[in-house]
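Single-structure report; data block below.
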Protein chains: 2
Amino acid sequence: MLSDRAISASRFTTKPLYLQLRDALAERIARGEWKPGSAIPNESDLAREFGVSAGTMRKALDLMEGEHLLTRRQGRGTFVNDQASDELAVRFNNLRGPDGERILAQVKSTHITEAIANEQERARLQLGPHDRLYRMHRIRQHGGEPFMVEDVAVPVALFPGLGEGKTISPRIVVLAQEYGILLGKAEERVSISEADAGVAEALGLAAGSPVMVLDRVVQTLDGRPVEWRKAWCNLADNHYMAVMV
Amino acid sequence: MLSDRAISASRFTTKPLYLQLRDALAERIARGEWKPGSAIPNESDLAREFGVSAGTMRKALDLMEGEHLLTRRQGRGTFVNDQASDELAVRFNNLRGPDGERILAQVKSTHITEAIANEQERARLQLGPHDRLYRMHRIRQHGGEPFMVEDVAVPVALFPGLGEGKTISPRIVVLAQEYGILLGKAEERVSISEADAGVAEALGLAAGSPVMVLDRVVQTLDGRPVEWRKAWCNLADNHYMAVMV
DNA sequence: AAGTGGTCTAGACCACTCA
DNA sequence: GAGTGGTCTAGACCACTTG
């Protein structure tokens, strides 16, 4: 069995078996071998396939459930998460309405260009001096009113051919799934600023009005930066919500 | 053995053993039976004491490590976390300086009163119509400058005798540890407002200046609200930082 | 009734720390 | 070298879902 060999051969490395299993299974999801929403083989079949005990396989599967890659349900099976699903697509979206419900922003306009990363982009995305990226400029609206302007940057290396006329998902979580990129955590810096002329016009505010600035970097599962987004937001009655554990 | 009986007797409930163990061990920490910073017995001794297998005890201990109650280190042992330690005391504090370092605010003044919860306080702290609470008003400074005004409310039921002249830790994490309360997660709503007269004066701003408003509820490990804090903050060069997983 | 994940056991061996 | 937590195994039984 191929995968059996692959795992056995690496038994002499320092990395624990269950982490190697996690990587092997994640790879299958990333490559599209296991489709979003579909069931994967049960614990004991997988254990047999990889030549490990069921307990070790379980540890890998549990880990992946915590990473939002899988959902396990007693009596049903283990399923590949669809990152475009309602619960997951809004994962890195902390804006909420007065009622506490997550705000689902519509994209009003998008503009995309390709360029060489500037100093700030290189720092945020950990790129080299000649690396290229796609820049996207979007205006989002909510309840018919424009409420957010965002500048997004993603490395060309991770999203090859992104600029070539295909429709682009405005959600990084969905876009990453389409490109076989598994996402881990994101960090967001929240601050207050005064709207400059461009932002003010797009949001229908007076120049100098206070806006909330969201500066977010999304990482892959193994910690490499995937997307840098800076957004200016007319909060109005809404708020940003963070949970701390 | 006492604890042996206690666990065995509850084997017929639906709650999994490892969760019962978690509760029993957490209780020892809350009661001060196991002091912050001290080592607890090893896995197999604990398993023997409670009459369970080592694997089940391990599952409980691992869970508690994830809840910031314990720290386990290979070759050393398992230790009770000190919530007043540098890493943990700032757990619910998301403000950071320009360099990304957490801001440690000094308390400039505190004022404490006891009262019956008003409607908003009852909603946030899930209290009944006649429940009492302590209200605290604080001004915090950073780098010599006042930068935050906060109104804090905690139920009298959880912090009996808080108002009676003792020195009160300005950190809810530390205060909770002193009262034997184990904390779980916190939720914080971030918004923008204009400084009213009182806030403006305390922060040395013009009335109407934009300030960041932090509205935070801290919960116990089992989800009961412990503290409601509303804070007005002169951000300046600083920012709020959230991590999403 | 058959199949799934969830819990629990009893043991082995490894990696790390410290006296 | 003794003691700790970390990994891994091989099995049993339970709880839940579905046909």
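Chain identifiers are assigned as A, B, and so on, following the order in which chains appear in the structure tokens; residues are numbered from 1 within each chain, and ligands are numbered from 1 in order of appearance.
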
Let's see if you can do this: from backbone DSSP, list all strand (DSSP E or B) residues in range 25-180 of chain B, as a PDB file with N, CA and C atoms, in the first residue's frame.
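So the final result, stored in selection-v2.pdb, reads:
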```pdb
ATOM      1  N   ALA B  39       3.170  21.938  41.894  1.00  0.00           N
ATOM      2  CA  ALA B  39       3.024  20.722  41.094  1.00  0.00           C
ATOM      3  C   ALA B  39       1.914  19.861  41.672  1.00  0.00           C
ATOM      4  N   ILE B  40       1.192  19.159  40.834  1.00  0.00           N
ATOM      5  CA  ILE B  40       0.187  18.214  41.310  1.00  0.00           C
ATOM      6  C   ILE B  40       0.725  16.796  41.089  1.00  0.00           C
ATOM      7  N   LEU B  70      -3.860  24.314  33.858  1.00  0.00           N
ATOM      8  CA  LEU B  70      -2.639  23.569  34.145  1.00  0.00           C
ATOM      9  C   LEU B  70      -1.605  23.811  33.055  1.00  0.00           C
ATOM     10  N   THR B  71      -0.362  23.536  33.416  1.00  0.00           N
ATOM     11  CA  THR B  71       0.707  23.475  32.422  1.00  0.00           C
ATOM     12  C   THR B  71       1.426  22.154  32.628  1.00  0.00           C
ATOM     13  N   ARG B  72       1.606  21.402  31.542  1.00  0.00           N
ATOM     14  CA  ARG B  72       2.294  20.122  31.666  1.00  0.00           C
ATOM     15  C   ARG B  72       3.613  20.212  30.924  1.00  0.00           C
ATOM     16  N   ARG B  73       4.670  19.710  31.551  1.00  0.00           N
ATOM     17  CA  ARG B  73       5.934  19.706  30.830  1.00  0.00           C
ATOM     18  C   ARG B  73       6.631  18.367  30.973  1.00  0.00           C
ATOM     19  N   GLY B  77       6.684  17.691  35.089  1.00  0.00           N
ATOM     20  CA  GLY B  77       5.481  17.422  35.861  1.00  0.00           C
ATOM     21  C   GLY B  77       4.320  18.276  35.401  1.00  0.00           C
ATOM     22  N   THR B  78       3.243  18.269  36.193  1.00  0.00           N
ATOM     23  CA  THR B  78       2.060  19.057  35.876  1.00  0.00           C
ATOM     24  C   THR B  78       1.880  20.120  36.947  1.00  0.00           C
ATOM     25  N   PHE B  79       1.698  21.373  36.537  1.00  0.00           N
ATOM     26  CA  PHE B  79       1.681  22.493  37.463  1.00  0.00           C
ATOM     27  C   PHE B  79       0.385  23.285  37.364  1.00  0.00           C
ATOM     28  N   VAL B  80      -0.064  23.783  38.503  1.00  0.00           N
ATOM     29  CA  VAL B  80      -1.233  24.650  38.530  1.00  0.00           C
ATOM     30  C   VAL B  80      -0.825  26.026  38.024  1.00  0.00           C
ATOM     31  N   LEU B  95      -5.391  45.230  23.890  1.00  0.00           N
ATOM     32  CA  LEU B  95      -4.793  46.476  23.414  1.00  0.00           C
ATOM     33  C   LEU B  95      -3.289  46.320  23.274  1.00  0.00           C
ATOM     34  N   ARG B  96      -2.784  46.840  22.165  1.00  0.00           N
ATOM     35  CA  ARG B  96      -1.352  46.707  21.902  1.00  0.00           C
ATOM     36  C   ARG B  96      -0.772  48.007  21.393  1.00  0.00           C
ATOM     37  N   ARG B 102       1.769  43.993  24.118  1.00  0.00           N
ATOM     38  CA  ARG B 102       0.580  44.269  24.919  1.00  0.00           C
ATOM     39  C   ARG B 102       0.797  45.470  25.827  1.00  0.00           C
ATOM     40  N   GLN B 106      -1.542  51.142  33.963  1.00  0.00           N
ATOM     41  CA  GLN B 106      -1.535  51.397  35.397  1.00  0.00           C
ATOM     42  C   GLN B 106      -2.886  51.962  35.800  1.00  0.00           C
ATOM     43  N   VAL B 107      -3.320  51.618  36.998  1.00  0.00           N
ATOM     44  CA  VAL B 107      -4.558  52.195  37.495  1.00  0.00           C
ATOM     45  C   VAL B 107      -4.250  53.496  38.205  1.00  0.00           C
ATOM     46  N   LYS B 108      -4.924  54.551  37.758  1.00  0.00           N
ATOM     47  CA  LYS B 108      -4.669  55.856  38.341  1.00  0.00           C
ATOM     48  C   LYS B 108      -5.648  56.106  39.487  1.00  0.00           C
ATOM     49  N   SER B 109      -6.874  55.647  39.318  1.00  0.00           N
ATOM     50  CA  SER B 109      -7.848  55.851  40.390  1.00  0.00           C
ATOM     51  C   SER B 109      -8.953  54.814  40.293  1.00  0.00           C
ATOM     52  N   THR B 110      -9.517  54.437  41.430  1.00  0.00           N
ATOM     53  CA  THR B 110     -10.634  53.499  41.455  1.00  0.00           C
ATOM     54  C   THR B 110     -11.689  54.029  42.406  1.00  0.00           C
ATOM     55  N   HIS B 111     -12.913  53.821  42.031  1.00  0.00           N
ATOM     56  CA  HIS B 111     -14.017  54.192  42.909  1.00  0.00           C
ATOM     57  C   HIS B 111     -15.007  53.041  42.883  1.00  0.00           C
ATOM     58  N   ILE B 112     -15.432  52.584  44.070  1.00  0.00           N
ATOM     59  CA  ILE B 112     -16.297  51.415  44.104  1.00  0.00           C
ATOM     60  C   ILE B 112     -17.580  51.690  44.879  1.00  0.00           C
ATOM     61  N   THR B 113     -18.701  51.216  44.358  1.00  0.00           N
ATOM     62  CA  THR B 113     -19.987  51.351  45.043  1.00  0.00           C
ATOM     63  C   THR B 113     -20.760  50.048  44.897  1.00  0.00           C
ATOM     64  N   GLU B 114     -21.731  49.862  45.792  1.00  0.00           N
ATOM     65  CA  GLU B 114     -22.589  48.694  45.698  1.00  0.00           C
ATOM     66  C   GLU B 114     -23.978  49.159  45.294  1.00  0.00           C
ATOM     67  N   ALA B 115     -24.663  48.384  44.465  1.00  0.00           N
ATOM     68  CA  ALA B 115     -25.973  48.821  43.981  1.00  0.00           C
ATOM     69  C   ALA B 115     -26.783  47.619  43.508  1.00  0.00           C
ATOM     70  N   ILE B 116     -28.028  47.887  43.197  1.00  0.00           N
ATOM     71  CA  ILE B 116     -28.867  46.871  42.568  1.00  0.00           C
ATOM     72  C   ILE B 116     -28.707  46.993  41.054  1.00  0.00           C
ATOM     73  N   ARG B 132     -27.672  42.126  43.553  1.00  0.00           N
ATOM     74  CA  ARG B 132     -26.783  43.256  43.814  1.00  0.00           C
ATOM     75  C   ARG B 132     -25.458  43.058  43.083  1.00  0.00           C
ATOM     76  N   LEU B 133     -24.778  44.182  42.867  1.00  0.00           N
ATOM     77  CA  LEU B 133     -23.460  44.120  42.241  1.00  0.00           C
ATOM     78  C   LEU B 133     -22.583  45.252  42.738  1.00  0.00           C
ATOM     79  N   TYR B 134     -21.309  45.085  42.511  1.00  0.00           N
ATOM     80  CA  TYR B 134     -20.356  46.158  42.770  1.00  0.00           C
ATOM     81  C   TYR B 134     -20.062  46.862  41.466  1.00  0.00           C
ATOM     82  N   ARG B 135     -20.102  48.188  41.522  1.00  0.00           N
ATOM     83  CA  ARG B 135     -19.699  48.974  40.363  1.00  0.00           C
ATOM     84  C   ARG B 135     -18.359  49.620  40.662  1.00  0.00           C
ATOM     85  N   MET B 136     -17.456  49.539  39.721  1.00  0.00           N
ATOM     86  CA  MET B 136     -16.155  50.184  39.886  1.00  0.00           C
ATOM     87  C   MET B 136     -15.914  51.125  38.732  1.00  0.00           C
ATOM     88  N   HIS B 137     -15.394  52.274  39.061  1.00  0.00           N
ATOM     89  CA  HIS B 137     -15.036  53.247  38.031  1.00  0.00           C
ATOM     90  C   HIS B 137     -13.537  53.459  38.116  1.00  0.00           C
ATOM     91  N   ARG B 138     -12.852  53.263  37.008  1.00  0.00           N
ATOM     92  CA  ARG B 138     -11.389  53.385  37.033  1.00  0.00           C
ATOM     93  C   ARG B 138     -10.897  54.278  35.906  1.00  0.00           C
ATOM     94  N   ILE B 139      -9.783  54.907  36.185  1.00  0.00           N
ATOM     95  CA  ILE B 139      -9.048  55.589  35.120  1.00  0.00           C
ATOM     96  C   ILE B 139      -7.682  54.929  35.046  1.00  0.00           C
ATOM     97  N   ARG B 140      -7.320  54.532  33.850  1.00  0.00           N
ATOM     98  CA  ARG B 140      -6.020  53.865  33.675  1.00  0.00           C
ATOM     99  C   ARG B 140      -5.123  54.757  32.837  1.00  0.00           C
ATOM    100  N   GLN B 141      -3.831  54.675  33.106  1.00  0.00           N
ATOM    101  CA  GLN B 141      -2.890  55.446  32.301  1.00  0.00           C
ATOM    102  C   GLN B 141      -1.793  54.547  31.765  1.00  0.00           C
ATOM    103  N   HIS B 142      -1.156  55.074  30.733  1.00  0.00           N
ATOM    104  CA  HIS B 142      -0.089  54.304  30.076  1.00  0.00           C
ATOM    105  C   HIS B 142       0.968  55.296  29.626  1.00  0.00           C
ATOM    106  N   GLU B 145       0.350  58.982  30.597  1.00  0.00           N
ATOM    107  CA  GLU B 145      -0.851  59.663  30.110  1.00  0.00           C
ATOM    108  C   GLU B 145      -2.094  58.828  30.400  1.00  0.00           C
ATOM    109  N   PRO B 146      -3.182  59.466  30.829  1.00  0.00           N
ATOM    110  CA  PRO B 146      -4.437  58.720  30.985  1.00  0.00           C
ATOM    111  C   PRO B 146      -4.913  58.278  29.603  1.00  0.00           C
ATOM    112  N   PHE B 147      -5.332  57.030  29.494  1.00  0.00           N
ATOM    113  CA  PHE B 147      -5.766  56.605  28.162  1.00  0.00           C
ATOM    114  C   PHE B 147      -7.025  55.752  28.175  1.00  0.00           C
ATOM    115  N   MET B 148      -7.531  55.437  29.371  1.00  0.00           N
ATOM    116  CA  MET B 148      -8.734  54.627  29.398  1.00  0.00           C
ATOM    117  C   MET B 148      -9.584  54.906  30.640  1.00  0.00           C
ATOM    118  N   VAL B 149     -10.889  55.013  30.397  1.00  0.00           N
ATOM    119  CA  VAL B 149     -11.844  55.130  31.498  1.00  0.00           C
ATOM    120  C   VAL B 149     -12.697  53.879  31.455  1.00  0.00           C
ATOM    121  N   GLU B 150     -12.900  53.230  32.596  1.00  0.00           N
ATOM    122  CA  GLU B 150     -13.703  52.013  32.536  1.00  0.00           C
ATOM    123  C   GLU B 150     -14.733  51.932  33.666  1.00  0.00           C
ATOM    124  N   ASP B 151     -15.900  51.406  33.310  1.00  0.00           N
ATOM    125  CA  ASP B 151     -16.946  51.106  34.286  1.00  0.00           C
ATOM    126  C   ASP B 151     -17.086  49.602  34.355  1.00  0.00           C
ATOM    127  N   VAL B 152     -16.864  49.067  35.551  1.00  0.00           N
ATOM    128  CA  VAL B 152     -16.861  47.627  35.726  1.00  0.00           C
ATOM    129  C   VAL B 152     -18.011  47.238  36.653  1.00  0.00           C
ATOM    130  N   ALA B 153     -18.652  46.113  36.364  1.00  0.00           N
ATOM    131  CA  ALA B 153     -19.700  45.605  37.257  1.00  0.00           C
ATOM    132  C   ALA B 153     -19.482  44.122  37.493  1.00  0.00           C
ATOM    133  N   VAL B 154     -19.504  43.721  38.767  1.00  0.00           N
ATOM    134  CA  VAL B 154     -19.387  42.294  39.116  1.00  0.00           C
ATOM    135  C   VAL B 154     -20.457  41.961  40.159  1.00  0.00           C
ATOM    136  N   PRO B 155     -21.072  40.785  40.056  1.00  0.00           N
ATOM    137  CA  PRO B 155     -22.118  40.404  41.011  1.00  0.00           C
ATOM    138  C   PRO B 155     -21.555  40.274  42.431  1.00  0.00           C
TER     139      PRO B 155
END
```

message: Could you tell me which residues of chain B sit within 6 Å of chain D when counting only C-alpha atoms (C1' of nucleotides), and give me the result as a PyMOL selection string?
response: chain B and resi 74-77

message: Using only C-alpha atoms (C1' of nucleotides), I'd like every residue of chain C that has an atom within 8 Å of chain B; please write them out as a PyMOL selection string.
response: chain C and resi 7-10+15-17

message: Using only C-alpha atoms and a cut-off of 6 Å, which residues of chain B sit close to chain A? Please list them as a PyMOL selection string.
response: chain B and resi 185-191+239-245

Test item: residues at most 10 Å from range 129-131 of chain A, only C-alpha atoms (C1' of nucleotides), excluding those fewer than 3 positions along its chain, as an mmCIF file with all heavy atoms, in the first residue's frame:
```cif
data_model
loop_
_atom_site.group_PDB
_atom_site.id
_atom_site.type_symbol
_atom_site.label_atom_id
_atom_site.label_comp_id
_atom_site.auth_asym_id
_atom_site.auth_seq_id
_atom_site.Cartn_x
_atom_site.Cartn_y
_atom_site.Cartn_z
ATOM 1 N N ALA A 115 1.068 43.395 -9.276
ATOM 2 C CA ALA A 115 2.176 44.324 -9.026
ATOM 3 C C ALA A 115 3.275 43.633 -8.233
ATOM 4 O O ALA A 115 3.107 42.503 -7.784
ATOM 5 C CB ALA A 115 1.671 45.537 -8.245
ATOM 6 N N ILE A 116 4.392 44.319 -8.084
ATOM 7 C CA ILE A 116 5.457 43.830 -7.215
ATOM 8 C C ILE A 116 5.201 44.369 -5.821
ATOM 9 O O ILE A 116 4.834 45.537 -5.662
ATOM 10 C CB ILE A 116 6.836 44.291 -7.736
ATOM 11 C CG1 ILE A 116 7.101 43.586 -9.073
ATOM 12 C CG2 ILE A 116 7.932 43.973 -6.735
ATOM 13 C CD1 ILE A 116 8.437 43.909 -9.676
ATOM 14 N N ALA A 117 5.359 43.521 -4.821
ATOM 15 C CA ALA A 117 5.027 43.900 -3.446
ATOM 16 C C ALA A 117 5.868 45.081 -2.988
ATOM 17 O O ALA A 117 7.084 45.104 -3.187
ATOM 18 C CB ALA A 117 5.236 42.709 -2.517
ATOM 19 N N ASN A 118 5.208 46.041 -2.362
ATOM 20 C CA ASN A 118 5.956 47.141 -1.759
ATOM 21 C C ASN A 118 6.447 46.723 -0.370
ATOM 22 O O ASN A 118 6.199 45.600 0.071
ATOM 23 C CB ASN A 118 5.099 48.408 -1.713
ATOM 24 C CG ASN A 118 3.885 48.251 -0.796
ATOM 25 O OD1 ASN A 118 3.929 47.510 0.183
ATOM 26 N ND2 ASN A 118 2.813 48.935 -1.118
ATOM 27 N N GLU A 119 7.105 47.644 0.294
ATOM 28 C CA GLU A 119 7.763 47.293 1.555
ATOM 29 C C GLU A 119 6.787 46.765 2.594
ATOM 30 O O GLU A 119 7.004 45.715 3.215
ATOM 31 C CB GLU A 119 8.499 48.524 2.107
ATOM 32 C CG GLU A 119 9.447 48.191 3.243
ATOM 33 C CD GLU A 119 10.124 49.440 3.789
ATOM 34 O OE1 GLU A 119 9.953 50.531 3.184
ATOM 35 O OE2 GLU A 119 10.795 49.338 4.827
ATOM 36 N N ARG A 122 5.453 43.346 1.649
ATOM 37 C CA ARG A 122 6.464 42.302 1.873
ATOM 38 C C ARG A 122 6.528 41.921 3.345
ATOM 39 O O ARG A 122 6.625 40.742 3.704
ATOM 40 C CB ARG A 122 7.845 42.789 1.411
ATOM 41 C CG ARG A 122 7.988 42.880 -0.094
ATOM 42 C CD ARG A 122 9.451 42.789 -0.510
ATOM 43 N NE ARG A 122 10.300 43.789 0.107
ATOM 44 C CZ ARG A 122 10.506 45.017 -0.366
ATOM 45 N NH1 ARG A 122 9.911 45.393 -1.480
ATOM 46 N NH2 ARG A 122 11.290 45.857 0.261
ATOM 47 N N GLN A 126 5.316 38.376 4.286
ATOM 48 C CA GLN A 126 6.616 37.677 4.314
ATOM 49 C C GLN A 126 7.087 37.287 2.928
ATOM 50 O O GLN A 126 7.372 36.116 2.642
ATOM 51 C CB GLN A 126 6.547 36.444 5.235
ATOM 52 C CG GLN A 126 6.397 36.819 6.708
ATOM 53 C CD GLN A 126 6.199 35.603 7.604
ATOM 54 O OE1 GLN A 126 6.635 34.506 7.276
ATOM 55 N NE2 GLN A 126 5.549 35.796 8.743
ATOM 56 N N PRO A 155 -0.393 36.863 -2.555
ATOM 57 C CA PRO A 155 0.756 36.529 -3.393
ATOM 58 C C PRO A 155 0.325 35.804 -4.664
ATOM 59 O O PRO A 155 -0.542 34.920 -4.622
ATOM 60 C CB PRO A 155 1.579 35.572 -2.514
ATOM 61 C CG PRO A 155 1.107 35.812 -1.124
ATOM 62 C CD PRO A 155 -0.330 36.200 -1.246
ATOM 63 N N VAL A 156 0.923 36.176 -5.782
ATOM 64 C CA VAL A 156 0.662 35.489 -7.046
ATOM 65 C C VAL A 156 1.053 34.016 -6.932
ATOM 66 O O VAL A 156 0.379 33.131 -7.469
ATOM 67 C CB VAL A 156 1.446 36.156 -8.197
ATOM 68 C CG1 VAL A 156 1.383 35.306 -9.459
ATOM 69 C CG2 VAL A 156 0.889 37.547 -8.473
ATOM 70 N N ALA A 157 2.111 33.752 -6.185
ATOM 71 C CA ALA A 157 2.607 32.386 -6.048
ATOM 72 C C ALA A 157 1.537 31.439 -5.498
ATOM 73 O O ALA A 157 1.489 30.269 -5.866
ATOM 74 C CB ALA A 157 3.832 32.367 -5.138
#
```

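Here CA of Met57 in chain B and CA of Asp45 in chain B stand 9.7 Å from one another.
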
task: Report the residues of range 88-215 of chain B whose backbone DSSP state falls under helix (DSSP H, G or I), written as an MDAnalysis selection string.
output: chainID B and resid 88:89 119:125 172:178 197:203

Output C-alpha atoms for every residue in that selection, as an mmCIF file, in the first residue's frame.
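Result file part_9.cif:
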```cif
data_model
loop_
_atom_site.group_PDB
_atom_site.id
_atom_site.type_symbol
_atom_site.label_atom_id
_atom_site.label_comp_id
_atom_site.auth_asym_id
_atom_site.auth_seq_id
_atom_site.Cartn_x
_atom_site.Cartn_y
_atom_site.Cartn_z
ATOM 1 C CA LEU B 88 -2.080 34.804 31.834
ATOM 2 C CA ALA B 89 -2.956 38.051 33.600
ATOM 3 C CA GLU B 119 -31.644 46.587 33.274
ATOM 4 C CA GLN B 120 -28.539 46.569 31.120
ATOM 5 C CA GLU B 121 -26.414 45.093 33.880
ATOM 6 C CA ARG B 122 -28.974 42.360 34.478
ATOM 7 C CA ALA B 123 -28.949 41.490 30.784
ATOM 8 C CA ARG B 124 -25.174 41.377 30.481
ATOM 9 C CA LEU B 125 -24.570 39.530 33.749
ATOM 10 C CA ILE B 172 -10.412 40.380 36.688
ATOM 11 C CA VAL B 173 -8.253 37.326 36.036
ATOM 12 C CA VAL B 174 -6.319 37.876 39.256
ATOM 13 C CA LEU B 175 -9.377 38.888 41.252
ATOM 14 C CA ALA B 176 -11.197 35.743 40.175
ATOM 15 C CA GLN B 177 -8.298 33.564 41.271
ATOM 16 C CA GLU B 178 -8.384 35.198 44.714
ATOM 17 C CA ALA B 197 -17.895 65.316 28.856
ATOM 18 C CA GLY B 198 -16.789 62.964 31.611
ATOM 19 C CA VAL B 199 -14.685 60.725 29.399
ATOM 20 C CA ALA B 200 -13.163 63.660 27.565
ATOM 21 C CA GLU B 201 -12.095 65.301 30.769
ATOM 22 C CA ALA B 202 -10.604 62.142 32.226
ATOM 23 C CA LEU B 203 -8.673 61.428 29.056
#
```
